[in-house]
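Taking it in order: structure first as structure tokens, then the write-up.
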Amino acid sequence: MKKSVFILLLLALSTSSFSGSFVQAEGQQLASNASVKLTLSQAQQWARSNSFSLKEAQQTIDRNRINLKNAGKNLDFIPAGAGNGEEDAASSSAWKGYASSTVSYLESKKQIELAQDQTDYTTMKDYYDVLLADNKVKSSEDALSLALLEEKAAEAKANRGKISPGEQSTIIQTRLEAEKNVEIAKSALQKALEVLNTQMGQPQGTVYELVDRPAYRKMDNTNLDTLVTRAISASPSVWRQEEAVKLAKMEVKYYTWNSGTDDYEIKQIDVDSAEGGLKNTKDQLAESLKSIYFNLQQNDEQYEQMQSNLQNAIKVLNISRKKRERGFATGTEVATNQLKVKQIERNKDELIIQMTMLQHALNKPWSV
């Protein structure tokens, strides 16, 4: 008898121990699935640390710094004196080499700034894509909730013979499609999170709570010409093309006549070509900014219209709720109106994200 009691006691202790371990493991699993708060700034910081193009740009700076130092040393060995043809050629070659190395070094510094801007923009896009995908999940889940309500109401009508089998089948099919849309939206959200994690160099499977949701900001009154002038003065592409013009002109200035007049004419053509490239770069930048500017203006108008639509939808929802309280409206009608309000609010969120991206592109068009 005592032996049986002892065995039962052992079993009880074992079960208790297993149960405690299971609860602990389950708690750890829940903790691992908990979302991590993530700001846009943190996401961009991780992305910069993970960027291969930024690492390459830094290596290019280091390489060009050494080349510039060596080119400077070459100037110390230019032959002194009045000079002859060979000495003039050596002097010309040394100065051109130094000027070219200087431009290459400065260009590599510009390139790393460009790579940073592009990395920040891509990360911002990936960050906002997660917000947009999350919106799609919520919208699809709301649509499913409404479809389930309509299916339940249809079933009640069918039991009373107030709806045809064909109509009921259509409602059931709508619910099935709504379920499928939820799964598609969740899959898209998962993919958006994976893209963001890859960009940041963070472990896949981490779930984030994105805390930086962009707020609506009306376009400022800066005119388009001012924006174009500002962008041209700050554009890495324009700077690079301006330096190409300088280098082409330098080739003409330090030209030595050993090669003949045909070579000289080619150098002059190179100047014209570089100047044409500079003008084309500026023109393309201006056209790009013009397109962004007018898109933002249209979005501003669209936002105002959405605000008006939202106010009207809220009024309709409130009326249907009051009618429901008095028995003059169904729960499905209220749910339908609620869904319309939520959808307009989410459409507004999506428009604000689009406007935020465009405003960033307006200030730094080279980052897009």
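Chain lettering (A, B, ...) mirrors the order of the structure tokens, residue numbering begins at 1 for each chain separately, and ligand numbering begins at 1 in order of display.
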
Residues within 9 Å of region 298-301 of chain A, only C-alpha atoms, excluding chain neighbours under 6 positions, as a PyMOL selection string: chain A and resi 218-219+351-352+354-355

Dump N, CA, C and O atoms for the selected residues as a PDB file, in the first residue's frame?
```pdb
ATOM      1  N   LYS A 218       0.854  69.703 -45.112  1.00  0.00           N
ATOM      2  CA  LYS A 218       0.482  70.413 -46.337  1.00  0.00           C
ATOM      3  C   LYS A 218       1.728  70.941 -47.023  1.00  0.00           C
ATOM      4  O   LYS A 218       2.710  71.291 -46.375  1.00  0.00           O
ATOM      5  N   MET A 219       1.693  70.995 -48.338  1.00  0.00           N
ATOM      6  CA  MET A 219       2.814  71.540 -49.108  1.00  0.00           C
ATOM      7  C   MET A 219       3.104  72.972 -48.677  1.00  0.00           C
ATOM      8  O   MET A 219       2.189  73.761 -48.435  1.00  0.00           O
ATOM      9  N   LEU A 351      -2.480  57.635 -48.467  1.00  0.00           N
ATOM     10  CA  LEU A 351      -2.197  58.868 -49.219  1.00  0.00           C
ATOM     11  C   LEU A 351      -1.129  59.691 -48.497  1.00  0.00           C
ATOM     12  O   LEU A 351      -0.240  60.256 -49.145  1.00  0.00           O
ATOM     13  N   ILE A 352      -1.185  59.734 -47.174  1.00  0.00           N
ATOM     14  CA  ILE A 352      -0.193  60.483 -46.398  1.00  0.00           C
ATOM     15  C   ILE A 352       1.194  59.874 -46.597  1.00  0.00           C
ATOM     16  O   ILE A 352       2.197  60.595 -46.739  1.00  0.00           O
ATOM     17  N   GLN A 354       2.197  58.210 -49.226  1.00  0.00           N
ATOM     18  CA  GLN A 354       2.588  58.566 -50.596  1.00  0.00           C
ATOM     19  C   GLN A 354       3.093  60.003 -50.653  1.00  0.00           C
ATOM     20  O   GLN A 354       4.118  60.285 -51.301  1.00  0.00           O
ATOM     21  N   MET A 355       2.413  60.904 -49.970  1.00  0.00           N
ATOM     22  CA  MET A 355       2.814  62.312 -49.964  1.00  0.00           C
ATOM     23  C   MET A 355       4.149  62.502 -49.240  1.00  0.00           C
ATOM     24  O   MET A 355       4.988  63.305 -49.665  1.00  0.00           O
TER      25      MET A 355
END
```

Can you list every residue in region 104-243 of chain A that DSSP puts in alpha helix (DSSP H), as a compact mmCIF listing (two decimals) with N, CA, C and O atoms, in the first residue's frame?
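Everything below was put into selection_14.txt:
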```
# COMPACT_ATOMS: atom_id res chain seq x y z
N SER A 104 38.43 62.87 -58.41
CA SER A 104 38.04 61.51 -58.04
C SER A 104 37.81 61.39 -56.53
O SER A 104 36.87 60.75 -56.08
N TYR A 105 38.69 62.04 -55.76
CA TYR A 105 38.55 62.00 -54.30
C TYR A 105 37.28 62.72 -53.85
O TYR A 105 36.50 62.19 -53.04
N LEU A 106 37.07 63.92 -54.39
CA LEU A 106 35.87 64.68 -54.02
C LEU A 106 34.60 63.96 -54.48
O LEU A 106 33.58 63.96 -53.78
N GLU A 107 34.68 63.34 -55.65
CA GLU A 107 33.52 62.60 -56.17
C GLU A 107 33.19 61.41 -55.27
O GLU A 107 32.02 61.10 -55.04
N SER A 108 34.22 60.74 -54.76
CA SER A 108 33.95 59.59 -53.88
C SER A 108 33.29 60.04 -52.57
O SER A 108 32.48 59.31 -52.00
N LYS A 109 33.63 61.26 -52.12
CA LYS A 109 32.96 61.79 -50.92
C LYS A 109 31.51 62.12 -51.22
O LYS A 109 30.62 61.89 -50.39
N LYS A 110 31.27 62.63 -52.42
CA LYS A 110 29.89 62.87 -52.85
C LYS A 110 29.14 61.55 -52.98
O LYS A 110 27.96 61.45 -52.64
N GLN A 111 29.83 60.52 -53.46
CA GLN A 111 29.20 59.22 -53.70
C GLN A 111 28.72 58.60 -52.39
O GLN A 111 27.66 57.98 -52.34
N ILE A 112 29.49 58.76 -51.33
CA ILE A 112 29.06 58.17 -50.06
C ILE A 112 27.84 58.90 -49.49
O ILE A 112 26.95 58.30 -48.89
N GLU A 113 27.78 60.21 -49.73
CA GLU A 113 26.58 60.97 -49.33
C GLU A 113 25.37 60.50 -50.13
O GLU A 113 24.27 60.35 -49.58
N LEU A 114 25.60 60.27 -51.43
CA LEU A 114 24.52 59.78 -52.29
C LEU A 114 24.06 58.39 -51.83
O LEU A 114 22.85 58.12 -51.75
N ALA A 115 25.02 57.51 -51.52
CA ALA A 115 24.67 56.16 -51.07
C ALA A 115 23.89 56.20 -49.75
O ALA A 115 22.96 55.42 -49.54
N GLN A 116 24.24 57.13 -48.87
CA GLN A 116 23.50 57.29 -47.61
C GLN A 116 22.07 57.73 -47.87
O GLN A 116 21.12 57.18 -47.28
N ASP A 117 21.91 58.73 -48.75
CA ASP A 117 20.57 59.23 -49.07
C ASP A 117 19.72 58.12 -49.70
O ASP A 117 18.53 57.97 -49.38
N GLN A 118 20.31 57.36 -50.60
CA GLN A 118 19.57 56.29 -51.27
C GLN A 118 19.21 55.17 -50.30
O GLN A 118 18.11 54.61 -50.37
N THR A 119 20.12 54.85 -49.40
CA THR A 119 19.84 53.82 -48.39
C THR A 119 18.72 54.27 -47.46
O THR A 119 17.82 53.50 -47.14
N ASP A 120 18.77 55.53 -47.04
CA ASP A 120 17.71 56.07 -46.17
C ASP A 120 16.35 56.04 -46.86
O ASP A 120 15.34 55.68 -46.24
N TYR A 121 16.34 56.41 -48.14
CA TYR A 121 15.07 56.44 -48.88
C TYR A 121 14.51 55.02 -49.04
O TYR A 121 13.31 54.79 -48.81
N THR A 122 15.36 54.08 -49.43
CA THR A 122 14.91 52.69 -49.61
C THR A 122 14.39 52.12 -48.31
O THR A 122 13.36 51.43 -48.28
N THR A 123 15.07 52.41 -47.21
CA THR A 123 14.63 51.92 -45.90
C THR A 123 13.29 52.55 -45.51
O THR A 123 12.41 51.86 -44.98
N MET A 124 13.14 53.83 -45.78
CA MET A 124 11.87 54.49 -45.48
C MET A 124 10.74 53.85 -46.28
O MET A 124 9.65 53.60 -45.75
N LYS A 125 11.00 53.57 -47.55
CA LYS A 125 9.99 52.92 -48.39
C LYS A 125 9.64 51.53 -47.84
O LYS A 125 8.46 51.18 -47.74
N ASP A 126 10.65 50.75 -47.47
CA ASP A 126 10.41 49.41 -46.92
C ASP A 126 9.65 49.49 -45.60
O ASP A 126 8.77 48.67 -45.32
N TYR A 127 9.99 50.48 -44.80
CA TYR A 127 9.32 50.71 -43.50
C TYR A 127 7.84 51.01 -43.72
O TYR A 127 6.96 50.42 -43.10
N TYR A 128 7.58 51.94 -44.64
CA TYR A 128 6.19 52.32 -44.92
C TYR A 128 5.43 51.21 -45.64
O TYR A 128 4.21 51.10 -45.50
N ASP A 129 6.14 50.39 -46.42
CA ASP A 129 5.48 49.25 -47.07
C ASP A 129 4.90 48.28 -46.04
O ASP A 129 3.87 47.66 -46.28
N VAL A 130 5.59 48.14 -44.91
CA VAL A 130 5.05 47.29 -43.83
C VAL A 130 3.76 47.90 -43.28
O VAL A 130 2.78 47.18 -43.04
N LEU A 131 3.76 49.22 -43.08
CA LEU A 131 2.54 49.89 -42.61
C LEU A 131 1.39 49.71 -43.59
O LEU A 131 0.25 49.44 -43.19
N LEU A 132 1.70 49.85 -44.88
CA LEU A 132 0.66 49.68 -45.90
C LEU A 132 0.14 48.25 -45.93
O LEU A 132 -1.07 48.02 -46.05
N ALA A 133 1.05 47.28 -45.80
CA ALA A 133 0.64 45.87 -45.81
C ALA A 133 -0.20 45.55 -44.58
O ALA A 133 -1.16 44.78 -44.65
N ASP A 134 0.16 46.15 -43.44
CA ASP A 134 -0.63 45.95 -42.23
C ASP A 134 -2.03 46.53 -42.39
O ASP A 134 -3.02 45.96 -41.92
N ASN A 135 -2.12 47.67 -43.07
CA ASN A 135 -3.43 48.25 -43.37
C ASN A 135 -4.28 47.30 -44.20
O ASN A 135 -5.49 47.17 -43.99
N LYS A 136 -3.65 46.65 -45.18
CA LYS A 136 -4.38 45.70 -46.04
C LYS A 136 -4.91 44.53 -45.23
O LYS A 136 -6.02 44.04 -45.47
N VAL A 137 -4.11 44.07 -44.27
CA VAL A 137 -4.56 42.96 -43.41
C VAL A 137 -5.80 43.39 -42.62
O VAL A 137 -6.80 42.65 -42.57
N LYS A 138 -5.73 44.57 -42.02
CA LYS A 138 -6.86 45.04 -41.21
C LYS A 138 -8.11 45.24 -42.07
O LYS A 138 -9.22 44.89 -41.66
N SER A 139 -7.93 45.78 -43.26
CA SER A 139 -9.08 45.99 -44.15
C SER A 139 -9.70 44.66 -44.58
O SER A 139 -10.92 44.51 -44.62
N SER A 140 -8.85 43.69 -44.89
CA SER A 140 -9.36 42.38 -45.32
C SER A 140 -10.04 41.66 -44.16
O SER A 140 -11.05 40.97 -44.36
N GLU A 141 -9.53 41.83 -42.95
CA GLU A 141 -10.17 41.22 -41.78
C GLU A 141 -11.52 41.86 -41.49
O GLU A 141 -12.49 41.16 -41.13
N ASP A 142 -11.60 43.18 -41.66
CA ASP A 142 -12.90 43.87 -41.50
C ASP A 142 -13.91 43.39 -42.54
O ASP A 142 -15.09 43.20 -42.25
N ALA A 143 -13.43 43.23 -43.78
CA ALA A 143 -14.30 42.75 -44.85
C ALA A 143 -14.78 41.33 -44.56
O ALA A 143 -15.95 40.98 -44.82
N LEU A 144 -13.92 40.52 -43.97
CA LEU A 144 -14.32 39.15 -43.60
C LEU A 144 -15.37 39.18 -42.50
O LEU A 144 -16.35 38.41 -42.55
N SER A 145 -15.19 40.05 -41.51
CA SER A 145 -16.17 40.16 -40.43
C SER A 145 -17.55 40.52 -40.98
O SER A 145 -18.57 39.97 -40.56
N LEU A 146 -17.56 41.45 -41.94
CA LEU A 146 -18.83 41.84 -42.55
C LEU A 146 -19.42 40.69 -43.36
O LEU A 146 -20.63 40.43 -43.30
N ALA A 147 -18.55 39.97 -44.08
CA ALA A 147 -19.03 38.83 -44.87
C ALA A 147 -19.64 37.75 -43.99
O ALA A 147 -20.64 37.11 -44.35
N LEU A 148 -19.06 37.54 -42.82
CA LEU A 148 -19.60 36.55 -41.87
C LEU A 148 -20.96 36.99 -41.33
O LEU A 148 -21.87 36.16 -41.17
N LEU A 149 -21.09 38.27 -41.06
CA LEU A 149 -22.39 38.80 -40.62
C LEU A 149 -23.45 38.61 -41.69
O LEU A 149 -24.59 38.20 -41.40
N GLU A 150 -23.08 38.93 -42.92
CA GLU A 150 -24.03 38.79 -44.03
C GLU A 150 -24.40 37.32 -44.27
O GLU A 150 -25.54 37.00 -44.59
N GLU A 151 -23.42 36.45 -44.09
CA GLU A 151 -23.70 35.02 -44.26
C GLU A 151 -24.66 34.52 -43.17
O GLU A 151 -25.57 33.72 -43.44
N LYS A 152 -24.46 34.99 -41.94
CA LYS A 152 -25.34 34.59 -40.83
C LYS A 152 -26.76 35.10 -41.07
O LYS A 152 -27.75 34.37 -40.84
N ALA A 153 -26.86 36.35 -41.55
CA ALA A 153 -28.19 36.92 -41.84
C ALA A 153 -28.85 36.15 -42.98
O ALA A 153 -30.07 35.89 -42.96
N ALA A 154 -28.07 35.76 -43.97
CA ALA A 154 -28.60 35.01 -45.11
C ALA A 154 -29.10 33.63 -44.68
O ALA A 154 -30.12 33.14 -45.17
N GLU A 155 -28.38 33.04 -43.74
CA GLU A 155 -28.79 31.72 -43.24
C GLU A 155 -30.14 31.82 -42.53
O GLU A 155 -31.02 30.95 -42.70
N ALA A 156 -30.30 32.90 -41.73
CA ALA A 156 -31.57 33.10 -41.02
C ALA A 156 -32.70 33.32 -42.03
O ALA A 156 -33.82 32.79 -41.86
N LYS A 157 -32.45 34.08 -43.08
CA LYS A 157 -33.47 34.32 -44.11
C LYS A 157 -33.80 33.03 -44.87
O LYS A 157 -34.96 32.77 -45.20
N ALA A 158 -32.79 32.22 -45.12
CA ALA A 158 -33.01 30.96 -45.83
C ALA A 158 -33.89 30.03 -45.03
O ALA A 158 -34.74 29.31 -45.58
N ASN A 159 -33.70 30.03 -43.72
CA ASN A 159 -34.52 29.17 -42.86
C ASN A 159 -35.99 29.58 -42.89
O ASN A 159 -36.88 28.75 -42.64
N PRO A 165 -31.69 29.89 -52.83
CA PRO A 165 -30.42 29.16 -52.68
C PRO A 165 -29.28 29.82 -53.46
O PRO A 165 -28.14 29.84 -53.02
N GLY A 166 -29.62 30.36 -54.63
CA GLY A 166 -28.59 31.03 -55.44
C GLY A 166 -28.02 32.26 -54.75
O GLY A 166 -26.81 32.48 -54.75
N GLU A 167 -28.91 33.06 -54.15
CA GLU A 167 -28.46 34.26 -53.43
C GLU A 167 -27.61 33.88 -52.22
O GLU A 167 -26.59 34.50 -51.93
N GLN A 168 -28.05 32.83 -51.51
CA GLN A 168 -27.28 32.38 -50.35
C GLN A 168 -25.91 31.86 -50.77
O GLN A 168 -24.91 32.13 -50.10
N SER A 169 -25.86 31.15 -51.88
CA SER A 169 -24.59 30.63 -52.39
C SER A 169 -23.63 31.76 -52.74
O SER A 169 -22.41 31.68 -52.49
N THR A 170 -24.16 32.83 -53.33
CA THR A 170 -23.32 33.99 -53.67
C THR A 170 -22.72 34.63 -52.42
O THR A 170 -21.54 35.01 -52.40
N ILE A 171 -23.53 34.72 -51.36
CA ILE A 171 -23.06 35.31 -50.10
C ILE A 171 -21.98 34.44 -49.47
O ILE A 171 -20.98 34.94 -48.94
N ILE A 172 -22.18 33.11 -49.54
CA ILE A 172 -21.17 32.18 -49.01
C ILE A 172 -19.87 32.33 -49.79
O ILE A 172 -18.77 32.33 -49.22
N GLN A 173 -19.99 32.46 -51.11
CA GLN A 173 -18.81 32.61 -51.94
C GLN A 173 -18.06 33.90 -51.60
O GLN A 173 -16.81 33.93 -51.60
N THR A 174 -18.80 34.94 -51.30
CA THR A 174 -18.18 36.22 -50.90
C THR A 174 -17.37 36.03 -49.62
O THR A 174 -16.26 36.56 -49.49
N ARG A 175 -17.93 35.26 -48.68
CA ARG A 175 -17.21 35.01 -47.43
C ARG A 175 -15.94 34.20 -47.69
O ARG A 175 -14.87 34.47 -47.11
N LEU A 176 -16.02 33.20 -48.58
CA LEU A 176 -14.84 32.39 -48.90
C LEU A 176 -13.74 33.25 -49.54
O LEU A 176 -12.56 33.09 -49.23
N GLU A 177 -14.14 34.15 -50.41
CA GLU A 177 -13.17 35.05 -51.05
C GLU A 177 -12.56 36.00 -50.02
O GLU A 177 -11.37 36.32 -50.09
N ALA A 178 -13.38 36.43 -49.06
CA ALA A 178 -12.88 37.31 -48.00
C ALA A 178 -11.83 36.59 -47.16
O ALA A 178 -10.81 37.18 -46.77
N GLU A 179 -12.07 35.31 -46.87
CA GLU A 179 -11.09 34.52 -46.12
C GLU A 179 -9.78 34.40 -46.89
O GLU A 179 -8.68 34.50 -46.33
N LYS A 180 -9.91 34.18 -48.19
CA LYS A 180 -8.73 34.06 -49.05
C LYS A 180 -7.95 35.38 -49.08
O LYS A 180 -6.71 35.39 -49.03
N ASN A 181 -8.67 36.48 -49.13
CA ASN A 181 -8.02 37.80 -49.16
C ASN A 181 -7.26 38.08 -47.87
O ASN A 181 -6.22 38.75 -47.90
N VAL A 182 -7.78 37.59 -46.75
CA VAL A 182 -7.08 37.76 -45.48
C VAL A 182 -5.73 37.04 -45.53
O VAL A 182 -4.69 37.58 -45.13
N GLU A 183 -5.74 35.82 -46.04
CA GLU A 183 -4.50 35.04 -46.13
C GLU A 183 -3.51 35.70 -47.09
O GLU A 183 -2.30 35.75 -46.81
N ILE A 184 -4.02 36.23 -48.20
CA ILE A 184 -3.15 36.92 -49.16
C ILE A 184 -2.52 38.16 -48.53
O ILE A 184 -1.32 38.41 -48.68
N ALA A 185 -3.33 38.91 -47.79
CA ALA A 185 -2.85 40.13 -47.13
C ALA A 185 -1.81 39.80 -46.07
O ALA A 185 -0.80 40.51 -45.93
N LYS A 186 -2.04 38.74 -45.31
CA LYS A 186 -1.08 38.35 -44.27
C LYS A 186 0.24 37.89 -44.89
O LYS A 186 1.32 38.18 -44.37
N SER A 187 0.14 37.19 -46.01
CA SER A 187 1.34 36.75 -46.71
C SER A 187 2.13 37.95 -47.23
O SER A 187 3.37 37.98 -47.15
N ALA A 188 1.43 38.97 -47.74
CA ALA A 188 2.08 40.19 -48.24
C ALA A 188 2.76 40.94 -47.10
O ALA A 188 3.85 41.50 -47.26
N LEU A 189 2.10 40.95 -45.93
CA LEU A 189 2.69 41.61 -44.76
C LEU A 189 3.97 40.89 -44.34
O LEU A 189 4.98 41.54 -44.03
N GLN A 190 3.92 39.56 -44.34
CA GLN A 190 5.10 38.79 -43.98
C GLN A 190 6.27 39.08 -44.94
O GLN A 190 7.42 39.24 -44.53
N LYS A 191 5.94 39.17 -46.22
CA LYS A 191 6.97 39.46 -47.23
C LYS A 191 7.55 40.85 -47.01
O LYS A 191 8.78 41.05 -47.13
N ALA A 192 6.68 41.83 -46.70
CA ALA A 192 7.16 43.20 -46.47
C ALA A 192 8.10 43.24 -45.26
O ALA A 192 9.12 43.95 -45.27
N LEU A 193 7.78 42.48 -44.22
CA LEU A 193 8.65 42.41 -43.04
C LEU A 193 9.99 41.78 -43.38
O LEU A 193 11.04 42.21 -42.90
N GLU A 194 9.96 40.76 -44.23
CA GLU A 194 11.21 40.10 -44.64
C GLU A 194 12.10 41.05 -45.43
O GLU A 194 13.32 41.06 -45.24
N VAL A 195 11.49 41.84 -46.31
CA VAL A 195 12.26 42.81 -47.10
C VAL A 195 12.90 43.83 -46.17
O VAL A 195 14.08 44.19 -46.33
N LEU A 196 12.13 44.31 -45.18
CA LEU A 196 12.66 45.29 -44.23
C LEU A 196 13.80 44.69 -43.42
O LEU A 196 14.84 45.33 -43.22
N ASN A 197 13.63 43.46 -42.95
CA ASN A 197 14.69 42.80 -42.19
C ASN A 197 15.95 42.62 -43.02
O ASN A 197 17.07 42.81 -42.52
N THR A 198 15.78 42.26 -44.28
CA THR A 198 16.94 42.09 -45.17
C THR A 198 17.66 43.42 -45.35
O THR A 198 18.89 43.48 -45.30
N GLN A 199 16.90 44.48 -45.56
CA GLN A 199 17.49 45.81 -45.73
C GLN A 199 18.27 46.23 -44.49
O GLN A 199 19.35 46.83 -44.59
N MET A 200 17.76 45.89 -43.31
CA MET A 200 18.39 46.31 -42.07
C MET A 200 19.47 45.33 -41.60
O MET A 200 20.21 45.62 -40.65
N LEU A 224 8.21 76.49 -57.51
CA LEU A 224 8.93 75.43 -58.21
C LEU A 224 10.32 75.87 -58.64
O LEU A 224 11.30 75.10 -58.54
N ASP A 225 10.46 77.10 -59.11
CA ASP A 225 11.77 77.58 -59.57
C ASP A 225 12.80 77.56 -58.44
O ASP A 225 13.96 77.20 -58.65
N THR A 226 12.37 77.96 -57.26
CA THR A 226 13.27 77.94 -56.10
C THR A 226 13.70 76.52 -55.76
O THR A 226 14.87 76.27 -55.46
N LEU A 227 12.75 75.59 -55.82
CA LEU A 227 13.06 74.19 -55.54
C LEU A 227 14.05 73.62 -56.56
O LEU A 227 14.97 72.88 -56.20
N VAL A 228 13.87 73.98 -57.82
CA VAL A 228 14.77 73.50 -58.87
C VAL A 228 16.18 74.05 -58.66
O VAL A 228 17.18 73.31 -58.73
N THR A 229 16.27 75.35 -58.38
CA THR A 229 17.58 75.98 -58.14
C THR A 229 18.29 75.33 -56.96
O THR A 229 19.49 75.04 -57.01
N ARG A 230 17.53 75.08 -55.91
CA ARG A 230 18.09 74.46 -54.70
C ARG A 230 18.58 73.04 -54.99
O ARG A 230 19.66 72.64 -54.54
N ALA A 231 17.80 72.30 -55.74
CA ALA A 231 18.15 70.91 -56.04
C ALA A 231 19.38 70.84 -56.95
O ALA A 231 20.26 69.98 -56.76
N ILE A 232 19.45 71.74 -57.93
CA ILE A 232 20.60 71.75 -58.85
C ILE A 232 21.89 72.05 -58.10
O ILE A 232 22.93 71.42 -58.34
N SER A 233 21.83 72.95 -57.13
CA SER A 233 23.04 73.31 -56.38
C SER A 233 23.49 72.18 -55.45
O SER A 233 24.67 72.10 -55.09
N ALA A 234 22.56 71.30 -55.07
CA ALA A 234 22.89 70.22 -54.12
C ALA A 234 23.03 68.86 -54.79
O ALA A 234 23.48 67.90 -54.14
N PRO A 236 24.30 65.65 -56.53
CA PRO A 236 25.59 65.00 -56.83
C PRO A 236 25.80 64.79 -58.32
O PRO A 236 26.92 64.90 -58.81
N SER A 237 24.74 64.50 -59.05
CA SER A 237 24.85 64.26 -60.50
C SER A 237 25.27 65.54 -61.23
O SER A 237 26.11 65.50 -62.14
N VAL A 238 24.69 66.66 -60.83
CA VAL A 238 25.05 67.94 -61.45
C VAL A 238 26.50 68.28 -61.12
O VAL A 238 27.27 68.71 -61.98
N TRP A 239 26.87 68.09 -59.85
CA TRP A 239 28.26 68.37 -59.44
C TRP A 239 29.24 67.53 -60.26
O TRP A 239 30.25 68.04 -60.74
N ARG A 240 28.92 66.24 -60.42
CA ARG A 240 29.79 65.35 -61.17
C ARG A 240 29.95 65.81 -62.63
O ARG A 240 31.03 65.79 -63.20
N GLN A 241 28.84 66.27 -63.21
CA GLN A 241 28.89 66.72 -64.60
C GLN A 241 29.64 68.04 -64.73
O GLN A 241 30.35 68.28 -65.71
N GLU A 242 29.51 68.91 -63.71
CA GLU A 242 30.27 70.17 -63.71
C GLU A 242 31.78 69.89 -63.65
O GLU A 242 32.57 70.57 -64.31
N GLU A 243 32.15 68.91 -62.85
CA GLU A 243 33.57 68.54 -62.76
C GLU A 243 34.06 67.93 -64.07
O GLU A 243 35.22 68.12 -64.46
```

Would you pick out the contacts of Asp220 (chain A) at 12 Å or less, using only C-alpha atoms, so that residues sharing its chain but fewer than 5 positions from it are not included, and give the list as a ChimeraX atom specification? /A:227,293,296-297,300,359,362-363

List the neighbours of Lys267 (chain A) out to 7 Å using only C-alpha atoms; skip same-chain residues closer than 3 positions along the sequence, and give me the result as a list in words.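 Result of the neighbour search: Ala248, Glu251, Val252, Asp263, Tyr264, Asp270 and Val271 of chain A.
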
For all heavy atoms, I'd like the residues from the last selection saved as a compact mmCIF listing (two decimals), in the first residue's frame.
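The resulting file, again02.txt, is reproduced below:
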```txt
# COMPACT_ATOMS: atom_id res chain seq x y z
N ALA A 248 37.46 68.39 -68.83
CA ALA A 248 37.55 68.47 -70.29
C ALA A 248 38.26 69.77 -70.71
O ALA A 248 39.09 69.77 -71.63
CB ALA A 248 36.16 68.39 -70.90
N GLU A 251 41.96 69.53 -70.13
CA GLU A 251 42.65 68.77 -71.19
C GLU A 251 43.04 69.69 -72.34
O GLU A 251 44.10 69.51 -72.97
CB GLU A 251 41.75 67.63 -71.69
CG GLU A 251 41.57 66.48 -70.73
CD GLU A 251 42.81 65.62 -70.65
OE1 GLU A 251 43.66 65.68 -71.57
OE2 GLU A 251 42.96 64.88 -69.66
N VAL A 252 42.19 70.66 -72.63
CA VAL A 252 42.51 71.64 -73.68
C VAL A 252 43.61 72.59 -73.21
O VAL A 252 44.57 72.89 -73.93
CB VAL A 252 41.24 72.43 -74.07
CG1 VAL A 252 41.59 73.57 -75.04
CG2 VAL A 252 40.21 71.50 -74.70
N ASP A 263 44.02 65.64 -82.56
CA ASP A 263 43.81 65.34 -81.15
C ASP A 263 43.24 66.56 -80.41
O ASP A 263 42.38 66.43 -79.54
CB ASP A 263 45.13 64.92 -80.49
CG ASP A 263 45.10 63.46 -80.10
OD1 ASP A 263 44.13 62.78 -80.49
OD2 ASP A 263 46.01 63.00 -79.39
N TYR A 264 43.74 67.73 -80.74
CA TYR A 264 43.29 68.95 -80.09
C TYR A 264 41.81 69.20 -80.38
O TYR A 264 41.05 69.59 -79.49
CB TYR A 264 44.12 70.14 -80.57
CG TYR A 264 43.76 71.44 -79.89
CD1 TYR A 264 44.16 71.70 -78.59
CD2 TYR A 264 43.01 72.39 -80.57
CE1 TYR A 264 43.81 72.89 -77.96
CE2 TYR A 264 42.65 73.58 -79.96
CZ TYR A 264 43.06 73.83 -78.64
OH TYR A 264 42.71 75.01 -78.03
N ASP A 270 35.21 67.16 -76.79
CA ASP A 270 34.93 66.61 -75.46
C ASP A 270 34.37 67.68 -74.52
O ASP A 270 33.50 67.40 -73.68
CB ASP A 270 36.19 66.01 -74.85
CG ASP A 270 36.61 64.72 -75.53
OD1 ASP A 270 35.75 64.12 -76.23
OD2 ASP A 270 37.78 64.31 -75.38
N VAL A 271 34.87 68.91 -74.65
CA VAL A 271 34.35 70.02 -73.84
C VAL A 271 32.88 70.27 -74.18
O VAL A 271 32.02 70.40 -73.30
CB VAL A 271 35.17 71.31 -74.07
CG1 VAL A 271 34.49 72.50 -73.37
CG2 VAL A 271 36.59 71.13 -73.53
```

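Across the model, the gap from CA of Arg217 (chain A) to CA of Ala361 (chain A) is 14.6 Å.
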
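Using only C-alpha atoms, the contacts of Ser320 (chain A) at a cut-off of 10 Å, with sequence neighbours closer than 5 positions omitted, comprise Ile314, Lys315, Glu325, Arg326, Phe328, Ala329, Thr330, Gly331, Glu333, Val334, Ala335, Thr336, Asn337 and Gln338 of chain A.
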
For the residues selected in the previous step, produce a file with C-alpha atoms as a PDB file, in the first residue's frame.
```
ATOM      1  CA  ILE A 314     -19.181  59.302 -40.064  1.00  0.00           C
ATOM      2  CA  LYS A 315     -22.554  61.074 -40.238  1.00  0.00           C
ATOM      3  CA  GLU A 325     -31.113  51.458 -31.401  1.00  0.00           C
ATOM      4  CA  ARG A 326     -34.732  52.033 -32.448  1.00  0.00           C
ATOM      5  CA  PHE A 328     -35.023  50.454 -37.864  1.00  0.00           C
ATOM      6  CA  ALA A 329     -31.601  49.221 -39.044  1.00  0.00           C
ATOM      7  CA  THR A 330     -29.810  45.889 -38.945  1.00  0.00           C
ATOM      8  CA  GLY A 331     -26.441  45.123 -37.403  1.00  0.00           C
ATOM      9  CA  GLU A 333     -26.069  47.899 -42.050  1.00  0.00           C
ATOM     10  CA  VAL A 334     -24.180  49.440 -39.138  1.00  0.00           C
ATOM     11  CA  ALA A 335     -21.190  47.173 -39.774  1.00  0.00           C
ATOM     12  CA  THR A 336     -21.191  48.147 -43.466  1.00  0.00           C
ATOM     13  CA  ASN A 337     -21.106  51.844 -42.605  1.00  0.00           C
ATOM     14  CA  GLN A 338     -18.398  51.235 -40.002  1.00  0.00           C
TER      15      GLN A 338
END
```
